[in-house]
Amino acid sequence: MELRSIVVIPARDEEQSVANCLAALAAQTVTLESFETLLVADACSDATERVARETAQQLGLKLTILRGPGAGSGPARRLGMDAAAERLLSLRLEHGLIATTDADSRPAPDWLARQLDHVAGGALVVAGLIELDDEDTQGVPAAVLSRREADAARRLAHVARLDPEAGHHHFAGASLGITAAVYLRVGGLEALPALEDEAFAARLRQHGIPILRATDVRVRTSARSDGRARRGLAVDLAVALWLERRRYQASSFPIDRLQAAKAGASVTVVVPTKHCAGTVGGVLRRTVVPLQRVGLVDEVVVVDADSRDGTVQEARAAGARIVQQDAVLADQGPALGKGDAMWRGLEATHGEIVCFLDGDTQDPHPRHLQGLLGPLLTDPGIAMVKGSFDRPLRTAEGTLPGEGGRVTELMARPLLNLHFPLLAGFTQPLAGEFAARRELLEALPFPAGYGVEIALLIDALAARGLDALAETHLGTRQNRHQSLRALGEMAFAVLAAVERRIDGPRSATGGQFLRPWAGGEVIRVPIEERPPLATVRSAPENGAYRLGCQTVGY
């Protein structure tokens with residue numbers, strides 16, 4: 001029988017799943033002679049290739065293995081589909097089928113047969129129905145599955161507006177078929193590092209190629225949340241699981257629960273300040289002192305930026321120890337911004353759990369601190385907790401709900417969705433109020449300026465994984481609002497911090513920021529980063545820390 005189809009499977013470190021995928025192909029209702037299998041081993045560091053060869057030999061599959069570029073699922077799938085198209089077209093099989101699936105998926109026995117039937121009936125592109133593996137979903141919370149079902153309904157409604165005959169909303173590499181001639185005509189799959197299937201659907205629409213979303217073409221795929229692709233089903237599931245498992249309410253952590261969970265862990269509160277005389281006393285008295293009195297807080301330090309408005313006096317009157325930021329690690333030079341102050345505050349303290357609070361909060365409450373400490377004290381698997389708030393915006397006309405946090409919505413959230421989608425579930429990624437374990441904080445670099453919060457979040461993800469990060473809703477937050485132009489400089493620092501953490505070329509601005517409204521004045525926004533304290537910190541000597549060029553006793 002002549003060749004009718006080539007199945008393309010990109011795989012990176014899939015030794016645990018590739019055998020099941022190949023077994024499902026060997027069980028197809030079409031003959032083994034009617035199709036070939038092309039596996040793209042994409043920079044595998046495990047035994048994927050060996051397992052695939054041995055399995056194919058045992059099952060009688062005709063298998064070719066190509067080495068992928070190691071640049072993500074898109075380039076690997078593109079390589080395989082290009083090779084499949086070249087092979088089919090060299091045999092004058094313009095209507096031959098290029099079918100693609102994933103190494104962690106198991107096509108139904110009639111998966112190829114149904115696609116070939118649809119092609120014989122005139123279909124040019126066939127998108128199959130993708131179902132989650134029943135065994136994998138047993139450990140997935142019901143709320144996550146319900147959220148997925150609701151999302152599927154929304155996606156189908158969107159697809160139906162373009163294609164009323166669509167049987168489902170799926171268009172994914174786990175089950176996709178296209179004739180070799182059409183693949184060549186549209187220029188092939190775009191070699192994106194992830195979500196190459198969505199881009200391919202857009203390309204097909206641009207060329208006027210109809211997509212048959214067939215419900216009788218079925219694949220079961222893994223419901224794992226640790227997939228190899230940077231975007232896609234695994235990321236969606238990971239975020240959905242995180243939303244269910246790692247988001248908390250401050251009300252869930254009453255004082256008696258925290259006292260029972262503290263178990264000797266030392267807790268430090270660090271408050272960076274700069275001209276906060278009108279608010280810092282309230283932050284300390286209303287948020288910190290109540291927890292200090294019941295033994296939940298062991299150390300309170302205000303790191304001040306040489307304030308001249310009475311900030312130091314107010315903080316001292318509330319019982320805090322005052323540290324001038326430039327006096328800590330003095331050999332590192334003057335502090336350059338908020339992040340630098342936080343870095344030095346970490347150096348000047350010793351608690352196992354460190355909580356950073358803003359000194360300019362106008363409506364402080366003990367729950368702010370309880371909600372940050374709660375997950376860390378009650379769950380040893382959590383390494384960092386970000387605070388989230390309802391952020392109203394005060395204007396001359398009144399208060400606008402949800403309109404605060406403009407840099408978050410216009411800069412941070414788009415950047416995370418674009419480059420770090422695992423963190424897209426955080427409501428307030430730029431929250432200055434957060435807590436973390438010292439061992440983690442001392443292993444991370446600190447941007448000197450306003451990029452510090454998003455940088456620590458991204459680096460904590462890389463160091464500990466998503467499940468070690470949490471977010472607690474702390475209520476409503478009213479901070480001082482800055483002008484739009486000032487927020488532009490803050491957004492610049494956030495952008496620079498994220499840019500430093502993604503692949504690709506770096507900008508050459510050196511932190512220079514031009515103000516055209518000020519006659520072309522150029523200022524420098526701090527984008528430098530302080531190294532992890534673990535790499536620069538001196539050892540304690542005689543009950544004191546040696547801080548740069550001077551020793552400050554406790």
# chains A, B, ... in the order shown; residues from 1 in each chain; ligands from 1

call {"tool": "residues_around", "arguments": {"residues": "segment 526-533 of chain A", "least_positions_apart": "3", "cutoff": "7 Å", "atoms": "only C-alpha atoms", "output": "PyMOL selection string"}}
result
chain A and resi 336-337+442-449+493+496+511+536-537

call {"tool": "write_last_selection", "arguments": {"atoms": "C-alpha atoms", "output": "mmCIF file, in the first residue's frame"}}
result
data_model
loop_
_atom_site.group_PDB
_atom_site.id
_atom_site.type_symbol
_atom_site.label_atom_id
_atom_site.label_comp_id
_atom_site.auth_asym_id
_atom_site.auth_seq_id
_atom_site.Cartn_x
_atom_site.Cartn_y
_atom_site.Cartn_z
ATOM 1 C CA LEU A 336 20.157 54.137 44.482
ATOM 2 C CA GLY A 337 16.470 53.563 45.130
ATOM 3 C CA GLU A 442 19.604 36.216 49.999
ATOM 4 C CA ALA A 443 20.030 34.065 46.879
ATOM 5 C CA LEU A 444 18.381 36.608 44.552
ATOM 6 C CA PRO A 445 19.667 39.846 43.001
ATOM 7 C CA PHE A 446 17.808 43.069 43.875
ATOM 8 C CA PRO A 447 17.230 45.766 41.250
ATOM 9 C CA ALA A 448 18.085 49.079 42.873
ATOM 10 C CA GLY A 449 14.909 50.863 41.819
ATOM 11 C CA ALA A 493 12.404 50.502 35.630
ATOM 12 C CA ALA A 496 14.300 47.123 32.307
ATOM 13 C CA GLY A 511 18.912 53.907 32.396
ATOM 14 C CA VAL A 536 28.685 39.570 49.356
ATOM 15 C CA ARG A 537 27.624 39.249 52.963
#

call {"tool": "closest_atom_pairs", "arguments": {"of": "segment 257-311 of chain A", "to": "segment 368-377 of chain A", "cutoff": "8 Å", "atoms": "only C-alpha atoms", "output": "Markdown table"}}
result
| residue | atom | partner | partner_atom | distance |
| --- | --- | --- | --- | --- |
| A:Leu258 | CA | A:Gly374 | CA | 6.3 |
| A:Ala261 | CA | A:Leu377 | CA | 5.7 |
| A:Lys262 | CA | A:Leu377 | CA | 5.7 |
| A:Ala265 | CA | A:Leu377 | CA | 8.0 |
| A:Thr287 | CA | A:Leu369 | CA | 6.5 |
| A:Val288 | CA | A:Leu369 | CA | 7.1 |

call {"tool": "residues_around", "arguments": {"residues": "segment 24-33 of chain A", "least_positions_apart": "6", "cutoff": "10 Å", "atoms": "only C-alpha atoms", "output": "MDAnalysis selection string"}}
result
chainID A and resid 1:5 7 18 55:56 58:62 105:114 116 219

call {"tool": "residues_around", "arguments": {"residues": "Ala383 of chain A", "least_positions_apart": "5", "cutoff": "7 Å", "atoms": "only C-alpha atoms", "output": "count of residues only"}}
result
5
